[in-house]
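Colleague: start.txt is reproduced in full below (compact mmCIF, C-alpha atoms).
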```txt
# COMPACT_ATOMS: atom_id res chain seq x y z
CA MET Q 8 -16.13 1.25 36.56
CA ALA Q 9 -16.36 2.23 32.88
CA THR Q 10 -13.38 2.12 30.49
CA GLU Q 11 -13.43 3.92 27.15
CA ILE Q 12 -12.31 2.24 23.92
CA LYS Q 13 -10.46 4.80 21.82
CA VAL Q 14 -8.81 4.85 18.40
CA PRO Q 15 -5.10 4.10 18.96
CA PRO Q 16 -2.26 6.07 17.32
CA LEU Q 17 -2.13 4.99 13.69
CA GLY Q 18 1.25 6.23 12.54
CA GLU Q 19 2.60 9.29 10.84
CA SER Q 20 0.18 11.19 8.53
CA VAL Q 21 -2.83 9.02 9.46
CA THR Q 22 -5.37 11.06 11.42
CA GLU Q 23 -8.57 9.04 11.10
CA GLY Q 24 -10.12 5.81 9.95
CA THR Q 25 -13.38 3.92 9.57
CA VAL Q 26 -14.98 1.32 11.83
CA ALA Q 27 -15.09 -1.61 9.42
CA ARG Q 28 -16.54 -4.26 11.75
CA TRP Q 29 -17.47 -4.79 15.38
CA LEU Q 30 -16.61 -8.33 16.49
CA LYS Q 31 -18.69 -7.99 19.65
CA LYS Q 32 -22.15 -6.66 20.36
CA VAL Q 33 -23.46 -4.71 23.33
CA GLY Q 34 -23.84 -7.01 26.33
CA ASP Q 35 -21.05 -9.40 25.29
CA SER Q 36 -18.32 -10.26 27.77
CA VAL Q 37 -14.82 -9.28 26.64
CA LYS Q 38 -11.31 -10.06 27.83
CA ILE Q 39 -8.33 -7.75 27.96
CA ASP Q 40 -6.41 -7.65 24.62
CA GLU Q 41 -9.27 -9.48 22.84
CA THR Q 42 -9.90 -7.93 19.41
CA LEU Q 43 -13.13 -5.90 19.43
CA ILE Q 44 -12.99 -3.86 16.23
CA GLU Q 45 -11.50 -4.03 12.76
CA PHE Q 46 -10.55 -0.41 12.10
CA GLU Q 47 -9.75 0.48 8.50
CA THR Q 48 -7.29 3.26 7.60
CA ASP Q 49 -5.96 4.50 4.28
CA LYS Q 50 -3.12 1.98 4.45
CA VAL Q 51 -3.96 -0.98 6.68
CA THR Q 52 -6.71 -2.57 8.73
CA VAL Q 53 -5.91 -2.31 12.44
CA ASP Q 54 -7.28 -4.59 15.16
CA VAL Q 55 -8.46 -2.58 18.16
CA PRO Q 56 -8.17 -4.71 21.33
CA SER Q 57 -10.12 -4.48 24.54
CA PRO Q 58 -8.30 -2.36 27.13
CA THR Q 59 -9.77 -4.34 30.04
CA ASN Q 60 -11.94 -7.24 31.14
CA GLY Q 61 -15.66 -6.64 31.41
CA VAL Q 62 -18.79 -6.23 29.30
CA LEU Q 63 -19.25 -4.11 26.19
CA SER Q 64 -21.84 -1.66 27.45
CA GLU Q 65 -21.87 0.93 24.67
CA ILE Q 66 -21.00 1.23 20.98
CA SER Q 67 -20.34 4.90 20.33
CA ALA Q 68 -19.15 4.48 16.72
CA PRO Q 69 -21.17 1.96 14.70
CA GLU Q 70 -19.78 0.25 11.61
CA GLY Q 71 -19.06 2.70 8.79
CA THR Q 72 -18.36 5.63 11.11
CA ASN Q 73 -15.27 7.79 10.53
CA VAL Q 74 -13.40 8.38 13.79
CA ALA Q 75 -10.27 10.44 14.43
CA VAL Q 76 -7.23 9.19 16.32
CA GLY Q 77 -8.10 9.29 20.01
CA GLY Q 78 -11.82 9.31 19.26
CA LEU Q 79 -14.33 7.30 21.26
CA LEU Q 80 -15.38 3.93 19.85
CA GLY Q 81 -17.24 2.40 22.76
CA VAL Q 82 -17.34 1.74 26.50
CA ILE Q 83 -16.58 -1.36 28.57
CA THR Q 84 -18.06 -1.80 32.02
CA GLU Q 85 -15.89 -3.87 34.31
CA GLY Q 86 -17.49 -6.89 35.94
CA ALA Q 87 -20.44 -8.99 34.85
CA VAL Q 88 -23.81 -7.68 33.64
CA ASP Q 89 -26.91 -9.54 34.74
CA ALA Q 90 -29.82 -10.39 32.48
CA LYS Q 91 -31.81 -7.32 33.57
CA ALA Q 92 -28.96 -4.91 32.95
CA ALA Q 93 -28.06 -6.20 29.50
CA PRO Q 94 -31.12 -4.84 27.63
CA ALA Q 95 -30.58 -1.40 29.14
CA ALA Q 96 -26.96 -1.47 28.03
CA VAL Q 97 -28.04 -1.82 24.39
CA ALA Q 98 -29.77 1.55 24.47
CA PRO Q 99 -26.71 3.76 23.92
CA ALA Q 100 -25.84 1.92 20.70
CA ALA Q 101 -29.41 2.33 19.52
CA LYS Q 102 -29.27 6.05 20.32
CA VAL Q 103 -26.12 6.44 18.25
CA GLU Q 104 -27.80 5.02 15.20
CA ALA Q 105 -31.23 6.59 15.70
CA PRO Q 106 -30.52 10.01 14.14
CA LYS Q 107 -28.88 8.52 11.06
CA PRO Q 108 -31.93 7.74 8.90
CA ALA Q 109 -32.94 11.41 8.94
CA PRO Q 110 -30.07 12.80 6.82
CA ALA Q 111 -30.34 9.90 4.40
CA ALA Q 112 -34.08 10.41 3.95
CA ALA Q 113 -33.72 14.17 3.62
CA SER Q 114 -31.18 14.03 0.83
CA PRO Q 115 -32.04 11.36 -1.74
CA ALA Q 116 -31.78 13.79 -4.65
CA PRO Q 117 -28.65 15.83 -3.76
CA ALA Q 118 -26.62 12.71 -2.98
CA ALA Q 119 -23.40 14.61 -3.63
CA THR Q 120 -24.04 17.08 -0.79
CA SER Q 121 -21.81 16.44 2.20
CA ASP Q 122 -22.34 16.90 5.92
CA LEU Q 123 -19.17 18.71 7.00
CA ASP Q 124 -20.09 18.98 10.70
CA ARG Q 125 -20.12 15.19 11.10
CA SER Q 126 -17.10 14.59 8.87
CA GLY Q 127 -13.64 13.75 10.17
CA PRO Q 128 -11.19 16.40 11.36
CA ALA Q 129 -8.79 15.79 8.46
CA ALA Q 130 -11.55 16.46 5.92
CA ARG Q 131 -12.73 19.60 7.76
CA LYS Q 132 -9.19 20.95 7.96
CA LEU Q 133 -8.60 20.49 4.22
CA VAL Q 134 -11.91 22.19 3.40
CA GLU Q 135 -11.06 25.18 5.61
CA GLU Q 136 -7.45 25.51 4.42
CA ASN Q 137 -8.44 25.43 0.76
CA LYS Q 138 -11.61 27.55 1.22
CA LEU Q 139 -13.80 24.96 -0.46
CA ASP Q 140 -17.58 24.72 -0.58
CA ALA Q 141 -18.18 21.46 1.28
CA ALA Q 142 -21.73 21.19 -0.07
CA SER Q 143 -20.40 20.94 -3.63
CA ILE Q 144 -18.03 18.04 -2.92
CA PRO Q 145 -19.37 14.50 -3.56
CA ALA Q 146 -19.27 12.62 -0.26
CA THR Q 147 -18.57 8.90 -0.14
CA GLY Q 148 -18.63 8.55 3.65
CA LYS Q 149 -21.54 6.97 5.47
CA ASP Q 150 -24.68 9.14 5.69
CA GLY Q 151 -23.15 11.99 3.72
CA ARG Q 152 -19.92 12.28 5.68
CA LEU Q 153 -17.03 13.83 3.79
CA THR Q 154 -13.79 11.82 3.79
CA LYS Q 155 -10.25 13.10 3.40
CA GLY Q 156 -10.09 11.35 0.03
CA ASP Q 157 -13.21 13.18 -1.14
CA VAL Q 158 -11.62 16.56 -0.38
CA LEU Q 159 -8.29 15.63 -1.94
CA GLY Q 160 -10.15 14.51 -5.05
CA ALA Q 161 -11.99 17.83 -5.20
CA ILE Q 162 -8.73 19.76 -4.80
CA GLU Q 163 -7.16 17.68 -7.55
CA LYS Q 164 -10.07 18.37 -9.93
CA GLY Q 165 -10.03 22.04 -9.07
CA ALA Q 166 -6.31 22.27 -9.74
CA THR Q 167 -6.45 20.54 -13.08
CA ALA Q 168 -9.86 21.52 -14.42
CA ALA Q 169 -11.24 24.49 -12.48
CA PRO Q 170 -12.86 26.12 -15.54
CA ALA Q 171 -14.72 22.89 -16.25
CA ALA Q 172 -16.24 22.59 -12.76
CA ALA Q 173 -19.74 23.20 -14.01
CA ALA Q 174 -19.37 20.67 -16.79
CA ALA Q 175 -18.00 18.08 -14.37
CA ALA Q 176 -20.94 18.40 -11.97
CA PRO Q 177 -23.22 15.86 -13.77
CA VAL Q 178 -20.53 13.18 -13.29
CA ALA Q 179 -20.57 13.47 -9.48
CA PRO Q 180 -23.83 11.67 -8.57
CA ALA Q 181 -23.48 7.90 -8.53
CA ARG Q 182 -25.64 6.18 -11.11
CA GLU Q 183 -28.19 3.54 -10.22
CA ALA Q 184 -26.95 -0.05 -10.31
CA GLY Q 185 -28.52 -2.21 -12.99
CA PRO Q 186 -30.40 -5.46 -12.32
CA ARG Q 187 -27.30 -7.52 -13.10
CA GLU Q 188 -24.85 -5.25 -11.27
CA GLN Q 189 -23.67 -5.10 -7.69
CA ARG Q 190 -22.64 -1.89 -5.97
CA VAL Q 191 -19.83 -2.33 -3.41
CA LYS Q 192 -18.31 0.56 -1.47
CA MET Q 193 -14.58 0.99 -2.03
CA THR Q 194 -12.49 0.18 1.01
CA ARG Q 195 -10.27 2.89 2.44
CA LEU Q 196 -7.26 0.99 1.13
CA ARG Q 197 -8.68 0.89 -2.41
CA GLN Q 198 -9.54 4.60 -2.21
CA ARG Q 199 -6.00 5.35 -1.04
CA ILE Q 200 -4.48 3.27 -3.85
CA ALA Q 201 -6.58 5.14 -6.40
CA GLN Q 202 -5.57 8.47 -4.89
CA ARG Q 203 -1.86 7.65 -4.79
CA LEU Q 204 -1.77 6.31 -8.35
CA LYS Q 205 -3.54 9.38 -9.72
CA GLU Q 206 -1.30 11.61 -7.63
CA ALA Q 207 1.77 9.99 -9.20
CA GLN Q 208 0.43 10.60 -12.70
CA ASN Q 209 -0.47 14.21 -11.94
CA THR Q 210 2.69 15.27 -10.11
CA ALA Q 211 5.59 13.30 -11.62
CA ALA Q 212 7.03 13.55 -15.13
CA MET Q 213 6.77 9.79 -15.42
CA LEU Q 214 8.57 7.86 -18.12
CA THR Q 215 9.34 4.15 -18.56
CA THR Q 216 12.38 2.49 -20.10
CA PHE Q 217 12.67 -1.23 -20.90
CA ASN Q 218 15.31 -3.91 -21.15
CA GLU Q 219 15.44 -7.69 -20.97
CA VAL Q 220 17.47 -10.03 -18.84
CA ASP Q 221 18.66 -13.57 -19.50
CA MET Q 222 17.70 -15.53 -16.38
CA THR Q 223 19.88 -18.57 -17.21
CA ALA Q 224 22.53 -17.92 -14.54
CA ILE Q 225 20.05 -17.23 -11.72
CA LEU Q 226 17.97 -20.29 -12.57
CA ALA Q 227 21.14 -22.40 -12.55
CA ILE Q 228 22.18 -21.06 -9.11
CA ARG Q 229 18.73 -21.70 -7.68
CA GLU Q 230 18.68 -25.22 -9.05
CA GLN Q 231 22.17 -25.98 -7.72
CA TYR Q 232 21.78 -24.54 -4.23
CA LYS Q 233 18.02 -24.54 -3.49
CA GLU Q 234 18.06 -27.63 -1.24
CA GLY Q 235 21.14 -26.63 0.72
CA PHE Q 236 19.95 -23.02 1.03
CA GLU Q 237 16.54 -24.02 2.40
CA LYS Q 238 18.06 -26.60 4.74
CA LYS Q 239 20.49 -24.07 6.24
CA HIS Q 240 18.30 -20.96 6.33
CA GLY Q 241 14.78 -22.40 6.58
CA VAL Q 242 13.54 -20.40 3.60
CA LYS Q 243 13.44 -20.98 -0.17
CA LEU Q 244 15.85 -19.16 -2.46
CA GLY Q 245 13.58 -16.99 -4.60
CA PHE Q 246 14.10 -14.44 -7.35
CA MET Q 247 13.38 -11.38 -5.23
CA SER Q 248 16.60 -11.40 -3.19
CA PHE Q 249 18.62 -11.30 -6.43
CA PHE Q 250 16.58 -8.38 -7.73
CA VAL Q 251 16.82 -6.47 -4.44
CA LYS Q 252 20.60 -6.89 -4.42
CA ALA Q 253 20.88 -5.98 -8.12
CA CYS Q 254 18.80 -2.82 -7.62
CA ILE Q 255 20.89 -1.76 -4.62
CA ALA Q 256 24.04 -2.10 -6.74
CA GLY Q 257 22.43 0.16 -9.35
CA LEU Q 258 21.20 2.66 -6.75
CA LYS Q 259 24.65 2.99 -5.25
CA GLU Q 260 26.12 3.81 -8.66
CA LEU Q 261 23.25 6.13 -9.68
CA PRO Q 262 22.03 7.89 -6.51
CA ALA Q 263 19.46 10.00 -8.39
CA VAL Q 264 17.28 6.88 -8.73
CA ASN Q 265 17.24 6.69 -4.92
CA ALA Q 266 16.37 10.38 -4.47
CA GLU Q 267 13.16 12.38 -4.16
CA ILE Q 268 11.94 15.94 -4.65
CA SER Q 269 11.12 18.08 -1.62
CA GLY Q 270 9.95 21.54 -2.56
CA ASP Q 271 12.68 23.03 -4.76
CA GLU Q 272 15.33 20.65 -3.42
CA LEU Q 273 16.47 17.10 -4.11
CA ILE Q 274 16.99 14.70 -1.19
CA TYR Q 275 19.66 12.06 -1.86
CA LYS Q 276 19.34 9.07 0.46
CA ASN Q 277 22.39 7.21 1.67
CA TYR Q 278 20.37 4.20 2.77
CA TYR Q 279 18.41 1.58 0.85
CA ASP Q 280 14.91 0.78 2.12
CA ILE Q 281 13.39 -1.29 -0.67
CA GLY Q 282 9.62 -1.55 -1.01
CA VAL Q 283 8.37 -4.91 -2.29
CA ALA Q 284 4.86 -4.76 -3.74
CA VAL Q 285 2.56 -7.53 -2.43
CA GLY Q 286 -0.89 -8.24 -3.86
CA THR Q 287 -3.74 -8.94 -1.42
CA GLU Q 288 -7.48 -9.47 -1.79
CA ASN Q 289 -8.05 -5.84 -0.81
CA GLY Q 290 -5.39 -4.33 -3.06
CA LEU Q 291 -1.68 -3.78 -3.49
CA VAL Q 292 0.44 -2.95 -0.44
CA VAL Q 293 4.16 -2.15 -0.34
CA PRO Q 294 5.97 -3.25 2.84
CA VAL Q 295 9.52 -1.97 3.14
CA VAL Q 296 12.69 -4.03 3.65
CA ARG Q 297 14.79 -1.65 5.78
CA ASP Q 298 18.55 -1.31 5.20
CA ALA Q 299 18.40 -4.06 2.61
CA ASP Q 300 22.01 -3.36 1.62
CA LEU Q 301 23.12 -4.69 5.01
CA MET Q 302 21.11 -7.90 4.68
CA SER Q 303 22.14 -11.28 3.27
CA PHE Q 304 20.17 -13.14 0.60
CA SER Q 305 18.58 -15.32 3.27
CA ASP Q 306 17.66 -12.33 5.45
CA ILE Q 307 15.92 -10.67 2.50
CA GLU Q 308 14.01 -13.84 1.61
CA LYS Q 309 12.93 -14.32 5.23
CA GLN Q 310 11.76 -10.72 5.56
CA ILE Q 311 9.79 -10.87 2.32
CA GLY Q 312 8.21 -14.14 3.46
CA VAL Q 313 7.13 -12.57 6.75
CA TYR Q 314 5.66 -9.57 4.92
CA GLY Q 315 3.81 -11.79 2.48
CA LYS Q 316 2.10 -13.71 5.28
CA LYS Q 317 1.26 -10.53 7.19
CA ALA Q 318 -0.18 -8.96 4.03
CA ARG Q 319 -2.44 -11.95 3.40
CA ASP Q 320 -3.60 -11.92 7.02
CA GLY Q 321 -4.07 -8.13 7.07
CA LYS Q 322 -1.53 -7.80 9.90
CA LEU Q 323 0.98 -5.36 8.37
CA SER Q 324 1.70 -2.42 10.65
CA MET Q 325 1.86 1.21 9.60
CA ALA Q 326 5.60 1.30 10.29
CA GLU Q 327 6.15 -1.60 7.88
CA LEU Q 328 4.36 0.24 5.07
CA THR Q 329 5.80 3.75 5.41
CA GLY Q 330 8.97 5.15 3.94
CA GLY Q 331 10.96 3.32 1.32
CA THR Q 332 13.44 4.73 -1.18
CA PHE Q 333 12.77 2.49 -4.20
CA THR Q 334 10.12 -0.11 -5.08
CA ILE Q 335 10.12 -3.46 -6.90
CA SER Q 336 6.87 -4.86 -8.30
CA ASN Q 337 6.58 -8.39 -9.68
CA GLY Q 338 3.73 -8.67 -12.17
CA GLY Q 339 5.27 -11.88 -13.43
CA VAL Q 340 3.64 -13.90 -10.66
CA TYR Q 341 0.30 -13.14 -12.34
CA GLY Q 342 1.61 -13.94 -15.83
CA SER Q 343 2.33 -10.39 -17.01
CA LEU Q 344 4.84 -10.32 -19.87
CA MET Q 345 5.31 -6.53 -19.91
CA SER Q 346 3.88 -3.50 -18.11
CA THR Q 347 4.63 0.11 -17.15
CA PRO Q 348 4.57 0.30 -13.33
CA ILE Q 349 3.36 3.53 -11.69
CA LEU Q 350 5.62 5.35 -9.24
CA ASN Q 351 5.12 4.93 -5.52
CA THR Q 352 5.39 8.64 -4.66
CA PRO Q 353 7.45 10.40 -3.42
CA GLN Q 354 9.95 7.83 -4.70
CA SER Q 355 11.51 8.54 -8.07
CA GLY Q 356 11.86 5.00 -9.41
CA ILE Q 357 10.11 1.63 -9.52
CA LEU Q 358 11.30 -1.58 -11.18
CA GLY Q 359 8.77 -3.89 -12.79
CA MET Q 360 9.60 -7.61 -12.99
CA HIS Q 361 7.70 -9.85 -15.37
CA LYS Q 362 7.15 -13.44 -16.41
CA THR Q 363 10.21 -15.51 -17.29
CA GLN Q 364 9.54 -17.03 -20.69
CA LYS Q 365 11.73 -19.05 -23.05
CA ARG Q 366 12.45 -17.14 -26.27
CA PRO Q 367 14.89 -17.45 -29.18
CA VAL Q 368 17.72 -14.93 -28.74
CA ALA Q 369 20.94 -14.21 -30.62
CA ILE Q 370 23.97 -15.39 -28.65
CA GLY Q 371 26.99 -14.36 -30.70
CA ASP Q 372 26.29 -15.70 -34.19
CA LYS Q 373 23.88 -18.39 -32.99
CA ILE Q 374 20.20 -18.51 -32.10
CA GLU Q 375 19.53 -20.13 -28.71
CA ILE Q 376 16.46 -20.67 -26.57
CA ARG Q 377 16.92 -18.77 -23.30
CA PRO Q 378 14.67 -17.98 -20.29
CA MET Q 379 14.13 -14.25 -20.73
CA MET Q 380 12.40 -11.61 -18.62
CA TYR Q 381 11.43 -8.09 -19.62
CA LEU Q 382 12.36 -5.39 -17.10
CA ALA Q 383 10.64 -2.00 -16.86
CA LEU Q 384 11.91 1.02 -14.97
CA SER Q 385 9.39 3.83 -14.47
CA TYR Q 386 11.06 7.00 -13.25
CA ASP Q 387 10.43 10.65 -12.50
CA HIS Q 388 12.13 12.59 -15.28
CA ARG Q 389 12.29 15.68 -13.05
CA VAL Q 390 14.86 13.85 -10.90
CA ILE Q 391 16.37 11.21 -13.18
CA ASP Q 392 17.76 11.88 -16.65
CA GLY Q 393 17.26 9.37 -19.43
CA ARG Q 394 20.94 8.46 -19.38
CA GLU Q 395 20.78 7.66 -15.67
CA ALA Q 396 17.60 5.60 -16.05
CA VAL Q 397 18.95 3.53 -18.92
CA THR Q 398 22.32 3.06 -17.20
CA PHE Q 399 20.60 1.94 -13.98
CA LEU Q 400 18.55 -0.67 -15.83
CA VAL Q 401 21.64 -1.93 -17.67
CA ARG Q 402 23.47 -2.29 -14.32
CA VAL Q 403 20.58 -4.32 -12.94
CA LYS Q 404 20.59 -6.50 -16.05
CA ASP Q 405 24.37 -7.04 -15.86
CA ALA Q 406 24.18 -8.00 -12.17
CA LEU Q 407 21.38 -10.51 -12.77
CA GLU Q 408 23.05 -12.12 -15.75
CA ASP Q 409 26.32 -12.43 -13.81
CA PRO Q 410 25.21 -13.00 -10.19
CA GLN Q 411 28.80 -13.39 -8.99
CA ARG Q 412 28.93 -9.58 -9.22
CA LEU Q 413 26.43 -9.42 -6.37
CA LEU Q 414 28.42 -11.79 -4.21
CA LEU Q 415 31.63 -9.84 -4.83
CA ASP Q 416 29.90 -6.43 -4.49
CA MET Q 417 30.92 -5.39 -8.01
```
Would you mind writing the structure in this file as structure tokens?
Modeller:
Amino acid sequence: MATEIKVPPLGESVTEGTVARWLKKVGDSVKIDETLIEFETDKVTVDVPSPTNGVLSEISAPEGTNVAVGGLLGVITEGAVDAKAAPAAVAPAAKVEAPKPAPAAASPAPAATSDLDRSGPAARKLVEENKLDAASIPATGKDGRLTKGDVLGAIEKGATAAPAAAAAAPVAPAREAGPREQRVKMTRLRQRIAQRLKEAQNTAAMLTTFNEVDMTAILAIREQYKEGFEKKHGVKLGFMSFFVKACIAGLKELPAVNAEISGDELIYKNYYDIGVAVGTENGLVVPVVRDADLMSFSDIEKQIGVYGKKARDGKLSMAELTGGTFTISNGGVYGSLMSTPILNTPQSGILGMHKTQKRPVAIGDKIEIRPMMYLALSYDHRVIDGREAVTFLVRVKDALEDPQRLLLDM
């Protein structure tokens, strides 16, 4: 009996992905729930498990292939395969790959020309809805396949520089790599990051305001209670729980910072799902701490710790990465002293933390050395007025410099 391996549901708004790596080859024995494929989407890499015990008899989608949700990846034949049957079982995988050299050989010069018929359904739908010429869109998918990101990029260029389309054409073909250069295809995650960042710049009226916070009080609390906190809760007392709580206090007072634009309306959110940016080898991901206002300091630290480990292992789920009402990004862990973070659309605000560094500051009529951190709030000026942005950042600063406010909900 044959069992099909199909692309599982990938979460809201994700319609397709790319086969990044097969962990088994045709003829290999597999066990139920054993990971067979690393399947890369715009947001995360998903492990596709075996639906049954048996032998991998067919690979329908080789590595690099774009496949829609529910699409066929391969076939498992239940039971064992003897030595004579195994070579025959390899044939289907070979047949899948056999036609591929032809398109590549036929189109060395027009590398930007795409093959719409073999592209994913999301890309085809966007091309049809926007009445685009698929042949004129540079394709980054394997063997000339058009990806959703390719089409969105073409739409973006058309919307912002339609009259210059002819002039932009020479930029499309990829240049040859030099003798001391290495060409590496962007992962879907990296492509998605690039798309989202550019989207934020193109759609939001983005502005950044700055302030600085004296970290003396927080450092003193951590030093005083770090051992007892870790002993009781099993997690270290970090900076992030203080910043999450401080931001929530500011969001409650200034709800516009927690809002978003939807068409010609503003949506004000009466809940606080805080995204915490986490750097990985493949790029930046933003898992969301749900209902953070209802969580204790220890709960927040535990949740962030879990997300950090999952991010490093590539195990974050789609549900853990979607949504969010406000984001916090900590460039200080990499040594950044100041930056202007880019919005995580459709959110209207993002707080940038930075390196804590001792500096001379005026305290009353005296100069003292204090551990100081620059804060940056990037915000969408269409939603948030300058007064609201500055007031929010001052509230965050006040809460951090007097942490008792957070404990007393003031």
Colleague: Check the smallest atom-to-atom distance from each of Q:Asn60, Q:Thr363, Q:Gln411, Q:Thr72 to Ser36 (chain Q) using all atoms listed in the file, then report the winner.
Modeller: Q:Asn60
Colleague: Within 9 Å of region 389-402 of chain Q, which residues of region 230-306 of chain Q come that close, and what is the closest atom pair and distance in Å for each? Count all atoms listed in the file and give it as a Markdown table.
Modeller:
```
| residue | atom | partner | partner_atom | distance |
| --- | --- | --- | --- | --- |
| Q:Ala253 | CA | Q:Arg402 | CA | 7.7 |
| Q:Cys254 | CA | Q:Phe399 | CA | 8.1 |
| Q:Ala256 | CA | Q:Arg402 | CA | 7.6 |
| Q:Gly257 | CA | Q:Phe399 | CA | 5.3 |
| Q:Leu258 | CA | Q:Phe399 | CA | 7.3 |
| Q:Glu260 | CA | Q:Phe399 | CA | 7.9 |
| Q:Leu261 | CA | Q:Phe399 | CA | 6.6 |
| Q:Ala263 | CA | Q:Ile391 | CA | 5.8 |
| Q:Val264 | CA | Q:Ile391 | CA | 6.3 |
| Q:Ala266 | CA | Q:Val390 | CA | 7.5 |
| Q:Glu267 | CA | Q:Val390 | CA | 7.1 |
| Q:Ile268 | CA | Q:Val390 | CA | 7.2 |
| Q:Leu273 | CA | Q:Val390 | CA | 7.7 |
```
Colleague: For each of Q:Glu288, Q:Glu237, Q:Asp221, Q:Asp280, take the minimum atom-to-atom distance to Ile335 (chain Q), counting all atoms listed in the file, then give the residue where this is smallest.
Modeller: Q:Asp280
Colleague: Report, in Å with one decimal, the straight-line distance from CA of Pro378 (chain Q) to CA of Ile311 (chain Q).
Modeller: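 Answer for the CA of Pro378 (chain Q) to CA of Ile311 (chain Q) separation: 24.2 Å.
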Colleague: Which residue is closest to Val134 (chain Q)? Choose from Q:Val62, Q:Ala406, Q:Leu159, Q:Met8 and count only C-alpha atoms.
Modeller: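 Ranking Q:Val62, Q:Ala406, Q:Leu159, Q:Met8 by distance to Val134 (chain Q), first place goes to Q:Leu159.
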Colleague: Extract, using all atoms listed in the file, all DNA, RNA and protein residues at most 10 Å from Lys365 (chain Q), discarding same-chain residues fewer than 3 positions from it, and format them as an MDAnalysis selection string.
Modeller: chainID Q and resid 221:222 362 368 375:380
Colleague: Which neighbours of Lys276 (chain Q) fall inside 8 Å, counting only C-alpha atoms, when residues of the same chain fewer than 6 positions from it are skipped, and could you give them as JSON, numbers by chain?
Modeller: {"Q": [262, 265, 266, 332]}
Colleague: What is the CA of Val242 (chain Q)-CA of Phe304 (chain Q) distance in Å, reported with one decimal?
Modeller: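 So the answer is 10.3 Å.
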Colleague: Could you give me, as an NGL selection string, the residues that sit within 12 Å of (1.2, 7.4, -14.6) in the file's coordinates, counting only C-alpha atoms?
Modeller: :Q and (201-215 or 346-352 or 357 or 385-387)
Colleague: Using only C-alpha atoms, pick whichever of Q:Gly24, Q:Gly245, Q:Gly156, Q:Gly81 has the shortest atom-to-atom distance to Glu308 (chain Q).
Modeller: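 Closest candidate: Q:Gly245.
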Colleague: Would you list the contacts of Lys31 (chain Q) as a PyMOL selection string, taking every protein, DNA or RNA residue within 8 Å and counting only C-alpha atoms, but skipping same-chain residues closer than 3 positions in sequence?
Modeller: chain Q and resi 35+43-44+63
Colleague: For each of Q:Arg366, Q:Ile66, Q:Lys373, Q:Val295, take the minimum atom-to-atom distance to Thr223 (chain Q), counting only C-alpha atoms, then give the residue where this is smallest.
Modeller: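 Closest to Thr223 (chain Q) of all the choices is Q:Arg366.
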Colleague: Of the candidates Q:Asp298, Q:Lys243, Q:Val220, Q:Leu407, which shows the shortest atom-to-atom distance to Tyr381 (chain Q), using all atoms listed in the file?
Modeller: Q:Val220
Colleague: State, in Å with one decimal place, the distance from CA of Gly34 (chain Q) to CA of Glu70 (chain Q).
Modeller: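 One can read the CA of Gly34 (chain Q) to CA of Glu70 (chain Q) distance as 16.9 Å.
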Colleague: Could you give me the centre and size, in Å to one decimal, of an axis-aligned box around all listed atoms of region 228-245 of chain Q with 3 Å added on every side, as lines of an AutoDock Vina configuration file?
Modeller:
```
center_x = 17.8
center_y = -22.3
center_z = -1.3
size_x = 14.7
size_y = 16.6
size_z = 21.7
```
Colleague: If I put a ball of radius 9 Å at (-13.9, 0.4, 11.6) in the file's coordinates, which residues poke into it when counting all atoms listed in the file, written as number ranges by chain?
Modeller: Q: 24-29, 44-48, 52-53, 68-74
Colleague: Which residues are near Asp40 (chain Q)? Cut-off 12 Å, only C-alpha atoms, ignore same chain within fewer than 4 positions. Put them as a list in words.
Modeller: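 Contacts, in chain order: Ile12, Ile44, Asp54, Val55, Pro56, Ser57, Pro58, Thr59, Asn60 and Gly61 of chain Q.
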Colleague: May I have the residues from that selection written out with C-alpha atoms, as a compact mmCIF listing (two decimals), in the frame of the given file?
Modeller:
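Output contents, as saved in again35.txt:
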```txt
# COMPACT_ATOMS: atom_id res chain seq x y z
CA ILE Q 12 -12.31 2.24 23.92
CA ILE Q 44 -12.99 -3.86 16.23
CA ASP Q 54 -7.28 -4.59 15.16
CA VAL Q 55 -8.46 -2.58 18.16
CA PRO Q 56 -8.17 -4.71 21.33
CA SER Q 57 -10.12 -4.48 24.54
CA PRO Q 58 -8.30 -2.36 27.13
CA THR Q 59 -9.77 -4.34 30.04
CA ASN Q 60 -11.94 -7.24 31.14
CA GLY Q 61 -15.66 -6.64 31.41
```
